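A.B. asks: Below is the file start37.cif, with mmCIF, C-alpha atoms and all ligand atoms.
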```
data_target
#
loop_
_atom_site.label_atom_id
_atom_site.label_comp_id
_atom_site.auth_asym_id
_atom_site.auth_seq_id
_atom_site.Cartn_x
_atom_site.Cartn_y
_atom_site.Cartn_z
CA MET M 1 1.31 16.80 -4.30
CA ASN M 2 -0.80 13.92 -5.63
CA LEU M 3 1.18 10.71 -5.11
CA ILE M 4 0.70 7.01 -5.77
CA PHE M 5 2.79 4.37 -4.00
CA LEU M 6 3.03 1.30 -6.21
CA GLY M 7 4.82 -1.97 -5.54
CA PRO M 8 4.52 -5.59 -4.58
CA PRO M 9 3.01 -6.68 -1.24
CA GLY M 10 5.51 -6.17 1.57
CA ALA M 11 7.84 -3.87 -0.39
CA GLY M 12 7.37 -1.14 2.21
CA LYS M 13 4.64 1.04 0.66
CA GLY M 14 2.74 1.47 3.92
CA THR M 15 5.87 2.11 5.99
CA GLN M 16 7.06 4.83 3.60
CA ALA M 17 3.63 6.33 2.92
CA ALA M 18 3.14 6.95 6.65
CA MET M 19 6.53 8.69 6.91
CA VAL M 20 6.05 10.82 3.78
CA ALA M 21 2.49 11.76 4.84
CA ALA M 22 3.80 12.97 8.21
CA LYS M 23 6.64 14.96 6.62
CA TYR M 24 4.52 16.71 3.98
CA GLY M 25 1.27 16.98 5.96
CA ILE M 26 -0.91 15.18 3.42
CA PRO M 27 -3.29 12.25 4.06
CA HIS M 28 -2.14 8.64 3.72
CA ILE M 29 -4.91 6.73 1.97
CA SER M 30 -4.36 2.97 2.14
CA THR M 31 -7.13 0.95 0.51
CA GLY M 32 -5.93 -2.14 2.41
CA ASP M 33 -6.24 -0.29 5.76
CA MET M 34 -9.69 1.05 4.78
CA LEU M 35 -10.89 -2.42 3.82
CA ARG M 36 -9.51 -3.91 7.07
CA GLY M 37 -11.29 -1.11 8.95
CA ALA M 38 -14.57 -2.03 7.25
CA ILE M 39 -14.02 -5.69 8.20
CA ALA M 40 -13.37 -4.73 11.83
CA GLN M 41 -16.59 -2.70 11.88
CA GLY M 42 -18.51 -5.61 10.34
CA THR M 43 -19.97 -3.55 7.49
CA GLU M 44 -21.57 -5.29 4.53
CA MET M 45 -18.79 -4.06 2.25
CA GLY M 46 -16.15 -5.29 4.73
CA LEU M 47 -17.67 -8.75 4.94
CA ALA M 48 -17.77 -9.00 1.13
CA ALA M 49 -14.15 -7.82 0.85
CA LYS M 50 -12.86 -10.24 3.51
CA ALA M 51 -13.47 -13.30 1.35
CA TYR M 52 -11.18 -11.88 -1.37
CA MET M 53 -8.52 -10.56 1.00
CA ASP M 54 -8.19 -13.81 2.96
CA LYS M 55 -7.34 -15.60 -0.29
CA GLY M 56 -4.94 -12.90 -1.45
CA GLU M 57 -7.22 -11.97 -4.35
CA LEU M 58 -8.12 -8.42 -5.34
CA VAL M 59 -11.41 -6.96 -4.14
CA PRO M 60 -13.61 -6.12 -7.19
CA ASP M 61 -12.74 -2.84 -8.91
CA GLU M 62 -16.15 -1.22 -8.43
CA VAL M 63 -15.97 -1.68 -4.62
CA VAL M 64 -12.48 -0.21 -4.23
CA ILE M 65 -13.09 2.59 -6.73
CA GLY M 66 -16.18 3.65 -4.77
CA VAL M 67 -14.19 3.79 -1.52
CA VAL M 68 -11.40 5.87 -3.08
CA ARG M 69 -13.73 8.21 -4.94
CA ASP M 70 -15.50 9.08 -1.65
CA ARG M 71 -12.22 9.52 0.21
CA LEU M 72 -10.66 11.82 -2.42
CA ALA M 73 -13.75 14.05 -2.26
CA GLN M 74 -12.96 14.94 1.37
CA SER M 75 -11.48 18.38 2.00
CA ASP M 76 -8.16 17.18 3.47
CA CYS M 77 -7.18 15.85 0.02
CA ALA M 78 -7.31 19.31 -1.55
CA LYS M 79 -3.57 20.02 -1.09
CA GLY M 80 -2.45 16.51 -1.99
CA PHE M 81 -2.57 12.88 -0.89
CA ILE M 82 -0.74 9.57 -0.96
CA LEU M 83 -2.62 6.62 -2.42
CA ASP M 84 -1.05 3.44 -1.00
CA GLY M 85 -2.14 0.23 -2.73
CA PHE M 86 -4.44 1.96 -5.22
CA PRO M 87 -4.69 1.69 -8.19
CA ARG M 88 -3.95 -2.02 -8.61
CA THR M 89 -5.53 -2.70 -11.99
CA VAL M 90 -5.57 -0.84 -15.31
CA VAL M 91 -9.30 -0.21 -14.84
CA GLN M 92 -8.61 1.42 -11.44
CA ALA M 93 -5.79 3.54 -12.96
CA GLU M 94 -7.94 4.71 -15.86
CA THR M 95 -10.82 5.58 -13.52
CA LEU M 96 -8.46 7.48 -11.21
CA ALA M 97 -7.13 9.47 -14.17
CA GLY M 98 -10.68 10.73 -14.71
CA ILE M 99 -10.90 11.97 -11.09
CA VAL M 100 -7.51 13.56 -10.31
CA SER M 101 -4.13 14.17 -11.93
CA ILE M 102 -1.12 12.32 -10.52
CA ASP M 103 2.24 14.04 -10.01
CA HIS M 104 4.33 10.97 -9.15
CA ALA M 105 3.78 7.22 -9.16
CA ILE M 106 6.51 5.95 -6.83
CA LEU M 107 7.38 2.30 -7.38
CA VAL M 108 8.91 0.78 -4.22
CA ASP M 109 10.34 -2.41 -5.69
CA LEU M 110 11.60 -5.61 -4.09
CA ASP M 111 12.26 -9.18 -5.25
CA ASP M 112 9.85 -11.98 -4.34
CA GLU M 113 12.25 -13.86 -2.02
CA SER M 114 12.88 -10.80 0.17
CA ILE M 115 9.15 -10.17 0.30
CA VAL M 116 8.34 -13.63 1.65
CA ALA M 117 10.92 -13.11 4.43
CA ARG M 118 9.56 -9.67 5.35
CA MET M 119 5.96 -10.82 5.50
CA ALA M 120 6.77 -13.69 7.83
CA GLY M 121 8.07 -11.18 10.39
CA ARG M 122 5.53 -8.40 9.96
CA ARG M 123 3.33 -7.41 12.91
CA THR M 124 0.59 -4.79 12.61
CA CYS M 125 -1.42 -2.73 15.04
CA PRO M 126 -5.15 -3.42 14.66
CA ALA M 127 -5.98 -0.06 16.28
CA CYS M 128 -3.76 2.51 14.50
CA GLN M 129 -2.43 0.38 11.57
CA ALA M 130 1.24 0.98 12.47
CA THR M 131 3.54 -1.66 10.97
CA TYR M 132 6.56 -3.36 12.56
CA HIS M 133 8.96 -6.22 11.91
CA ILE M 134 9.85 -8.71 14.66
CA ASP M 135 13.58 -8.02 14.04
CA SER M 136 13.16 -4.49 15.43
CA LEU M 137 10.55 -5.18 18.13
CA GLY M 138 13.01 -6.68 20.65
CA GLY M 139 10.37 -9.15 21.84
CA SER M 140 7.70 -6.49 22.45
CA GLN M 141 4.17 -7.39 21.37
CA THR M 142 2.58 -3.98 21.83
CA CYS M 143 2.29 -0.98 19.52
CA ALA M 144 4.84 1.75 20.38
CA LYS M 145 2.39 4.41 19.13
CA CYS M 146 -0.87 3.43 20.88
CA GLY M 147 -0.18 0.46 23.16
CA ALA M 148 -2.54 -2.03 21.45
CA THR M 149 -1.48 -5.69 21.18
CA LEU M 150 0.11 -6.36 17.78
CA ILE M 151 -1.31 -8.99 15.45
CA GLN M 152 -0.19 -10.91 12.39
CA ARG M 153 -2.33 -10.13 9.33
CA THR M 154 -4.35 -13.16 8.22
CA ASP M 155 -3.20 -12.65 4.62
CA ASP M 156 0.48 -12.88 5.68
CA ALA M 157 0.33 -16.71 5.79
CA PRO M 158 3.05 -17.96 3.37
CA GLU M 159 0.66 -19.56 0.85
CA THR M 160 -1.49 -16.41 0.77
CA VAL M 161 1.61 -14.24 0.29
CA ARG M 162 2.56 -16.39 -2.72
CA ASN M 163 -0.88 -15.83 -4.24
CA ARG M 164 -0.70 -12.08 -3.54
CA LEU M 165 2.64 -11.99 -5.40
CA ALA M 166 1.16 -13.86 -8.37
CA VAL M 167 -1.80 -11.47 -8.45
CA TYR M 168 0.58 -8.50 -8.24
CA HIS M 169 2.66 -9.69 -11.20
CA GLN M 170 -0.41 -10.42 -13.30
CA LYS M 171 -2.71 -7.49 -12.53
CA THR M 172 -0.72 -4.65 -10.94
CA GLN M 173 2.74 -4.79 -12.56
CA PRO M 174 1.27 -3.55 -15.90
CA LEU M 175 0.73 -0.22 -14.11
CA VAL M 176 4.50 0.29 -14.05
CA ASP M 177 4.42 0.64 -17.85
CA TYR M 178 1.18 2.64 -17.63
CA TYR M 179 2.73 5.30 -15.37
CA GLU M 180 6.08 5.21 -17.18
CA GLY M 181 4.16 5.99 -20.36
CA ALA M 182 2.45 8.86 -18.56
CA GLY M 183 5.89 10.23 -17.60
CA VAL M 184 5.32 10.17 -13.83
CA LEU M 185 7.01 6.92 -12.74
CA ALA M 186 9.90 6.96 -10.24
CA ARG M 187 11.63 3.71 -9.27
CA ILE M 188 12.93 3.32 -5.72
CA ASP M 189 15.01 0.33 -4.56
CA GLY M 190 12.98 -1.12 -1.67
CA SER M 191 15.80 -3.41 -0.53
CA GLN M 192 17.59 -0.52 1.18
CA THR M 193 17.06 0.34 4.85
CA ILE M 194 13.81 2.07 5.80
CA ASP M 195 15.69 5.36 6.27
CA ALA M 196 17.55 5.06 2.96
CA VAL M 197 14.29 4.42 1.08
CA PHE M 198 12.75 7.44 2.82
CA GLN M 199 15.69 9.67 1.88
CA ALA M 200 15.45 8.52 -1.74
CA ILE M 201 11.74 9.40 -1.85
CA CYS M 202 12.29 12.78 -0.16
CA GLY M 203 15.12 13.48 -2.61
CA LEU M 204 12.78 12.80 -5.50
CA LEU M 205 10.01 14.99 -4.07
CA GLY M 206 12.38 17.74 -2.98
CA ALA M 207 14.10 17.78 -6.34
CA VAL M 208 10.90 18.29 -8.24
CA ARG M 209 9.09 20.74 -5.98
P1 LIG Q 301 -2.69 -4.00 1.19
O1 LIG Q 301 -2.98 -3.79 2.62
O2 LIG Q 301 -2.49 -2.83 0.31
O3 LIG Q 301 -1.47 -4.99 1.09
P2 LIG Q 301 -0.27 -5.10 0.01
O4 LIG Q 301 -0.26 -4.23 -1.16
O5 LIG Q 301 -0.26 -6.54 -0.30
O6 LIG Q 301 0.93 -4.56 0.71
P3 LIG Q 301 1.30 -4.71 2.21
O7 LIG Q 301 0.48 -3.78 3.05
O8 LIG Q 301 1.25 -6.18 2.54
O9 LIG Q 301 2.82 -4.28 2.18
P4 LIG Q 301 3.50 -2.84 2.18
O10 LIG Q 301 4.15 -2.62 0.83
O11 LIG Q 301 2.58 -1.80 2.69
O12 LIG Q 301 4.69 -3.13 3.20
P5 LIG Q 301 4.90 -2.68 4.72
O13 LIG Q 301 5.26 -1.23 4.76
O14 LIG Q 301 3.78 -3.15 5.57
O15 LIG Q 301 -3.86 -4.90 0.56
C1 LIG Q 301 -4.33 -6.05 1.22
C2 LIG Q 301 -5.47 -6.68 0.40
O16 LIG Q 301 -6.56 -5.73 0.30
C3 LIG Q 301 -5.14 -7.05 -1.04
O17 LIG Q 301 -4.56 -8.34 -1.14
C4 LIG Q 301 -6.54 -6.99 -1.68
O18 LIG Q 301 -7.29 -8.14 -1.37
C5 LIG Q 301 -7.18 -5.80 -0.98
N1 LIG Q 301 -6.95 -4.53 -1.69
C6 LIG Q 301 -6.28 -3.44 -1.22
N2 LIG Q 301 -6.25 -2.47 -2.15
C7 LIG Q 301 -6.92 -2.95 -3.23
C8 LIG Q 301 -7.19 -2.42 -4.53
N3 LIG Q 301 -6.76 -1.21 -4.90
N4 LIG Q 301 -7.90 -3.21 -5.39
C9 LIG Q 301 -8.34 -4.43 -5.04
N5 LIG Q 301 -8.09 -5.00 -3.85
C10 LIG Q 301 -7.38 -4.26 -2.94
O19 LIG Q 301 6.23 -3.51 5.07
C11 LIG Q 301 6.22 -4.93 5.13
C12 LIG Q 301 7.16 -5.44 6.25
O20 LIG Q 301 8.49 -5.12 5.91
C13 LIG Q 301 6.92 -4.79 7.63
O21 LIG Q 301 7.18 -5.75 8.62
C14 LIG Q 301 7.92 -3.63 7.67
O22 LIG Q 301 8.29 -3.31 9.00
C15 LIG Q 301 9.07 -4.23 6.88
N6 LIG Q 301 9.83 -3.23 6.12
C16 LIG Q 301 9.33 -2.16 5.42
N7 LIG Q 301 10.31 -1.49 4.79
C17 LIG Q 301 11.46 -2.16 5.08
C18 LIG Q 301 12.84 -1.97 4.70
N8 LIG Q 301 13.24 -0.96 3.90
N9 LIG Q 301 13.76 -2.85 5.19
C19 LIG Q 301 13.39 -3.90 5.99
N10 LIG Q 301 12.11 -4.13 6.38
C20 LIG Q 301 11.16 -3.27 5.92
MG MG Q 302 0.55 -1.82 3.30
#
```
I need this file expressed as C-alpha cells, please.

C.D. replies:
Amino acid sequence: MNLIFLGPPGAGKGTQAAMVAAKYGIPHISTGDMLRGAIAQGTEMGLAAKAYMDKGELVPDEVVIGVVRDRLAQSDCAKGFILDGFPRTVVQAETLAGIVSIDHAILVDLDDESIVARMAGRRTCPACQATYHIDSLGGSQTCAKCGATLIQRTDDAPETVRNRLAVYHQKTQPLVDYYEGAGVLARIDGSQTIDAVFQAICGLLGAVR
C-alpha cells in the first residue's frame, strides 16, 4: 500500500497519516518532520532547510528528494508507506514516479480560511511530533503520548501561514491534476471531524483492497 497524502498546510495530513499508519502497520514518512528533526540535531542540511521553512518557502527539490530516496530504500517500506507532504512539486512527483509506484494519492482538502484558524491553535510535540489543537487540550501544555512540553511551530505565525498557502496553490496544487491524470487521486473533505475524515480514508482503502 504505497500512499501519498496531499493537501494544503493544516488540512490534517499529519493527523490522518499517523492514524492510518498505525491502523495498517506501515511507516509514516513526513518530510516536514524529517526536516524539523535535522534542524533539531543541527545538521548542515537542517540548517540550510531552516531558512526556507521559517519563511514558508519550499526547501529545494534536490535536498528533499535525497531525503525521501534514502528513506524509501529502508526495509520497513517494503510492504508500503505513507508519504506526508511529499511530493510538493511536479519535479518531486516525476522523480518519485521513477522510484516507486503509487496506489493512492489522497487529497485532504480544506479552504484557506479554515486553515488559518486551525494553524493558530495547533500545538506540536518537539519530541515525538504528535499534533494537537488547543480546543481539545483542555489547558494542558504537555504531550499526552510522551509528556514533553508542547510548542508552537515557528512557521505557524499568521504571515508565514499565508505564504505557505500561496506556495501551496502555486507549486503543489498542480499535483492534484497530475495524480488525477494518473488515475490514483482520491478527494477527502478535510472540514469534517478528525474521526469522520479517518473513516472516509479507511473506507477508500478498505474498498479497494
Ligand atoms: P510540513 O511539516 O509538511 O507542513 P505542511 O504541509 O505545511 O502541513 P502541516 O504539517 O502544517 O499540516 P497538516 O496537513 O499535517 O495538518 P495537521 O495534521 O498538523 O512542511 C513544513 C515545511 O517543510 C514546508 O513549508 C517546507 O518549507 C518544508 N517541506 C516539507 N516537505 C517538503 C517538500 N516535499 N518539498 C519542499 N519543502 C518541504 O493539522 C493541523 C491542525 O489542525 C492541528 O492542530 C490538528 O490538531 C488540527 N486538525 C487536524 N484535523 C482536523 C479536523 N478534521 N478537524 C479539526 N481540527 C483538525
Ligand atoms: Mg504535517

A.B. asks: Under the rule of at most 7 Å, produce a per-residue listing of chain M near ligand LIG 301 (chain Q): chain, number, name, the closest pair of atoms, and the distance in Å, as JSON lines, using only C-alpha atoms and all ligand atoms.

C.D. replies:
```
{"residue": "M:Gly7", "atom": "CA", "partner": "Q:LIG301", "partner_atom": "O10", "distance": 6.4}
{"residue": "M:Pro8", "atom": "CA", "partner": "Q:LIG301", "partner_atom": "O4", "distance": 6.0}
{"residue": "M:Pro9", "atom": "CA", "partner": "Q:LIG301", "partner_atom": "O5", "distance": 3.4}
{"residue": "M:Gly10", "atom": "CA", "partner": "Q:LIG301", "partner_atom": "O9", "distance": 3.3}
{"residue": "M:Ala11", "atom": "CA", "partner": "Q:LIG301", "partner_atom": "O10", "distance": 4.1}
{"residue": "M:Gly12", "atom": "CA", "partner": "Q:LIG301", "partner_atom": "O13", "distance": 3.3}
{"residue": "M:Lys13", "atom": "CA", "partner": "Q:LIG301", "partner_atom": "O10", "distance": 3.7}
{"residue": "M:Gly14", "atom": "CA", "partner": "Q:LIG301", "partner_atom": "O11", "distance": 3.5}
{"residue": "M:Thr15", "atom": "CA", "partner": "Q:LIG301", "partner_atom": "O13", "distance": 3.6}
{"residue": "M:Gln16", "atom": "CA", "partner": "Q:LIG301", "partner_atom": "O13", "distance": 6.4}
{"residue": "M:Ser30", "atom": "CA", "partner": "Q:LIG301", "partner_atom": "O2", "distance": 6.4}
{"residue": "M:Thr31", "atom": "CA", "partner": "Q:LIG301", "partner_atom": "N2", "distance": 4.4}
{"residue": "M:Gly32", "atom": "CA", "partner": "Q:LIG301", "partner_atom": "O1", "distance": 3.4}
{"residue": "M:Asp33", "atom": "CA", "partner": "Q:LIG301", "partner_atom": "O1", "distance": 5.7}
{"residue": "M:Leu35", "atom": "CA", "partner": "Q:LIG301", "partner_atom": "O16", "distance": 6.5}
{"residue": "M:Tyr52", "atom": "CA", "partner": "Q:LIG301", "partner_atom": "O18", "distance": 5.4}
{"residue": "M:Met53", "atom": "CA", "partner": "Q:LIG301", "partner_atom": "O18", "distance": 3.6}
{"residue": "M:Gly56", "atom": "CA", "partner": "Q:LIG301", "partner_atom": "O17", "distance": 4.6}
{"residue": "M:Glu57", "atom": "CA", "partner": "Q:LIG301", "partner_atom": "O18", "distance": 4.9}
{"residue": "M:Leu58", "atom": "CA", "partner": "Q:LIG301", "partner_atom": "N5", "distance": 3.7}
{"residue": "M:Val59", "atom": "CA", "partner": "Q:LIG301", "partner_atom": "N5", "distance": 3.9}
{"residue": "M:Pro60", "atom": "CA", "partner": "Q:LIG301", "partner_atom": "C9", "distance": 5.9}
{"residue": "M:Asp61", "atom": "CA", "partner": "Q:LIG301", "partner_atom": "N4", "distance": 6.0}
{"residue": "M:Val64", "atom": "CA", "partner": "Q:LIG301", "partner_atom": "N4", "distance": 5.6}
{"residue": "M:Asp84", "atom": "CA", "partner": "Q:LIG301", "partner_atom": "O2", "distance": 6.6}
{"residue": "M:Gly85", "atom": "CA", "partner": "Q:LIG301", "partner_atom": "O2", "distance": 4.3}
{"residue": "M:Phe86", "atom": "CA", "partner": "Q:LIG301", "partner_atom": "N3", "distance": 3.9}
{"residue": "M:Pro87", "atom": "CA", "partner": "Q:LIG301", "partner_atom": "N3", "distance": 4.8}
{"residue": "M:Arg88", "atom": "CA", "partner": "Q:LIG301", "partner_atom": "N3", "distance": 4.7}
{"residue": "M:Arg118", "atom": "CA", "partner": "Q:LIG301", "partner_atom": "O20", "distance": 4.7}
{"residue": "M:Met119", "atom": "CA", "partner": "Q:LIG301", "partner_atom": "C12", "distance": 5.6}
{"residue": "M:Gly121", "atom": "CA", "partner": "Q:LIG301", "partner_atom": "O21", "distance": 5.8}
{"residue": "M:Arg122", "atom": "CA", "partner": "Q:LIG301", "partner_atom": "O21", "distance": 3.4}
{"residue": "M:Arg123", "atom": "CA", "partner": "Q:LIG301", "partner_atom": "O21", "distance": 6.0}
{"residue": "M:Thr131", "atom": "CA", "partner": "Q:LIG301", "partner_atom": "O22", "distance": 5.4}
{"residue": "M:Tyr132", "atom": "CA", "partner": "Q:LIG301", "partner_atom": "O22", "distance": 4.0}
{"residue": "M:His133", "atom": "CA", "partner": "Q:LIG301", "partner_atom": "O21", "distance": 3.8}
{"residue": "M:Arg164", "atom": "CA", "partner": "Q:LIG301", "partner_atom": "O17", "distance": 5.9}
{"residue": "M:Gly190", "atom": "CA", "partner": "Q:LIG301", "partner_atom": "N8", "distance": 5.6}
{"residue": "M:Ser191", "atom": "CA", "partner": "Q:LIG301", "partner_atom": "N8", "distance": 5.7}
{"residue": "M:Gln192", "atom": "CA", "partner": "Q:LIG301", "partner_atom": "N8", "distance": 5.1}
{"residue": "M:Thr193", "atom": "CA", "partner": "Q:LIG301", "partner_atom": "N8", "distance": 4.1}
{"residue": "M:Ile194", "atom": "CA", "partner": "Q:LIG301", "partner_atom": "N8", "distance": 3.6}
{"residue": "M:Val197", "atom": "CA", "partner": "Q:LIG301", "partner_atom": "N8", "distance": 6.2}
```

A.B. asks: Using only C-alpha atoms and all ligand atoms, find the one residue out of M:Ala73, M:Ile134, M:Leu83, M:Ala51 that sits nearest to ligand MG 302 (chain Q).

C.D. replies: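 Result for the nearest residue to ligand MG 302 (chain Q): M:Leu83.
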
A.B. asks: To one decimal place, how far is CA of Ile188 (chain M) from CA of Ala21 (chain M) in Å?

C.D. replies: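 These two atoms are separated by 17.1 Å.
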
A.B. asks: Restricting the calculation to only C-alpha atoms and all ligand atoms: of M:His28, M:Lys145, M:Lys50, M:Arg71, which residue gets closest to ligand MG 302 (chain Q)?

C.D. replies: M:His28

A.B. asks: Report the distance between CA of Glu113 (chain M) and CA of Gln173 (chain M) in Å, rounded to one decimal place.

C.D. replies: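 Distance reported for this atom pair: 16.8 Å.
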
A.B. asks: So, with all atoms listed in the file as the atoms that count, which of M:Ser136, M:Cys143, M:Ala97, M:Arg153 lies closest to ligand MG 302 (chain Q)?

C.D. replies: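 Among the listed residues, M:Arg153 lies closest to ligand MG 302 (chain Q).
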
A.B. asks: Tell me which of M:Val184, M:Ile26, M:Ile102, M:Cys125 sits closest to ligand MG 302 (chain Q), counting all atoms listed in the file.

C.D. replies: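 Among the listed residues, the smallest separation from ligand MG 302 (chain Q) belongs to M:Cys125.
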
A.B. asks: Given the choices M:Asp189, M:Asp76, M:Glu159, M:Glu62, which gets closest to Ile201 (chain M) if the distance is worked out from all atoms listed in the file?

C.D. replies: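 For Ile201 (chain M), the nearest of the candidates is M:Asp189.
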
A.B. asks: In Å, rounded to a single decimal, give me how far CA of Ala105 (chain M) is from CA of Arg187 (chain M).

C.D. replies: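 Those two atoms sit 8.6 Å apart.
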
A.B. asks: Nearest to ligand MG 302 (chain Q) among M:Ala166, M:Ala18, M:Met45, M:Leu185, with distances taken over only C-alpha atoms and all ligand atoms: which residue is it?

C.D. replies: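 Selected residue with least distance to ligand MG 302 (chain Q): M:Ala18.
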
A.B. asks: Show me the residues around (4.2, 7.3, -17.6) - criterion: an atom at most 12 Å away, all atoms listed in the file counted - as a list in words.

C.D. replies: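 Collected hits near the coordinates: Ala93, Ile102, Asp103, His104, Ala105, Ile106, Leu107, Pro174, Leu175, Val176, Asp177, Tyr178, Tyr179, Glu180, Gly181, Ala182, Gly183, Val184, Leu185, Ala186 and Arg187 of chain M.
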
A.B. asks: Step by step, gather every atom of region 138-154 of chain M that the file lists, find the box along x, y and z that holds them, add 4 Å on each side, and finally give centre and edge lengths in Å to one decimal, as AutoDock Vina command-line options.

C.D. replies:
```
--center_x 4.3 --center_y -4.4 --center_z 15.7 --size_x 25.4 --size_y 25.6 --size_z 22.9
```

A.B. asks: Can you patch up region 118-130 of chain M, filling it in to N, CA and C atoms, and show the result as a PDB file, keeping the file's coordinate frame?

C.D. replies:
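Output file part-v4.pdb follows:
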```
ATOM      1  N   ARG M 118      10.100 -10.831   4.609  1.00  0.00           N
ATOM      2  CA  ARG M 118       9.560  -9.670   5.350  1.00  0.00           C
ATOM      3  C   ARG M 118       8.163  -9.951   5.889  1.00  0.00           C
ATOM      4  N   MET M 119       7.354 -10.569   5.079  1.00  0.00           N
ATOM      5  CA  MET M 119       5.960 -10.820   5.500  1.00  0.00           C
ATOM      6  C   MET M 119       5.888 -11.746   6.691  1.00  0.00           C
ATOM      7  N   ALA M 120       6.796 -12.724   6.732  1.00  0.00           N
ATOM      8  CA  ALA M 120       6.770 -13.690   7.830  1.00  0.00           C
ATOM      9  C   ALA M 120       6.995 -12.988   9.164  1.00  0.00           C
ATOM     10  N   GLY M 121       7.746 -11.868   9.143  1.00  0.00           N
ATOM     11  CA  GLY M 121       8.070 -11.180  10.390  1.00  0.00           C
ATOM     12  C   GLY M 121       7.243  -9.941  10.649  1.00  0.00           C
ATOM     13  N   ARG M 122       6.286  -9.642   9.779  1.00  0.00           N
ATOM     14  CA  ARG M 122       5.530  -8.400   9.960  1.00  0.00           C
ATOM     15  C   ARG M 122       4.515  -8.548  11.098  1.00  0.00           C
ATOM     16  N   ARG M 123       4.388  -7.507  11.907  1.00  0.00           N
ATOM     17  CA  ARG M 123       3.330  -7.410  12.910  1.00  0.00           C
ATOM     18  C   ARG M 123       2.641  -6.065  12.691  1.00  0.00           C
ATOM     19  N   THR M 124       1.317  -6.048  12.825  1.00  0.00           N
ATOM     20  CA  THR M 124       0.590  -4.790  12.610  1.00  0.00           C
ATOM     21  C   THR M 124      -0.282  -4.472  13.807  1.00  0.00           C
ATOM     22  N   CYS M 125      -0.556  -3.184  13.948  1.00  0.00           N
ATOM     23  CA  CYS M 125      -1.420  -2.730  15.040  1.00  0.00           C
ATOM     24  C   CYS M 125      -2.856  -2.676  14.527  1.00  0.00           C
ATOM     25  N   PRO M 126      -3.770  -3.429  15.137  1.00  0.00           N
ATOM     26  CA  PRO M 126      -5.150  -3.420  14.660  1.00  0.00           C
ATOM     27  C   PRO M 126      -5.872  -2.114  14.978  1.00  0.00           C
ATOM     28  N   ALA M 127      -5.309  -1.305  15.888  1.00  0.00           N
ATOM     29  CA  ALA M 127      -5.980  -0.060  16.280  1.00  0.00           C
ATOM     30  C   ALA M 127      -5.546   1.116  15.404  1.00  0.00           C
ATOM     31  N   CYS M 128      -4.222   1.322  15.242  1.00  0.00           N
ATOM     32  CA  CYS M 128      -3.760   2.510  14.500  1.00  0.00           C
ATOM     33  C   CYS M 128      -3.062   2.164  13.188  1.00  0.00           C
ATOM     34  N   GLN M 129      -2.978   0.867  12.853  1.00  0.00           N
ATOM     35  CA  GLN M 129      -2.430   0.380  11.570  1.00  0.00           C
ATOM     36  C   GLN M 129      -0.918   0.537  11.457  1.00  0.00           C
ATOM     37  N   ALA M 130      -0.222   0.898  12.544  1.00  0.00           N
ATOM     38  CA  ALA M 130       1.240   0.980  12.470  1.00  0.00           C
ATOM     39  C   ALA M 130       1.801  -0.406  12.138  1.00  0.00           C
TER      40      ALA M 130
END
```
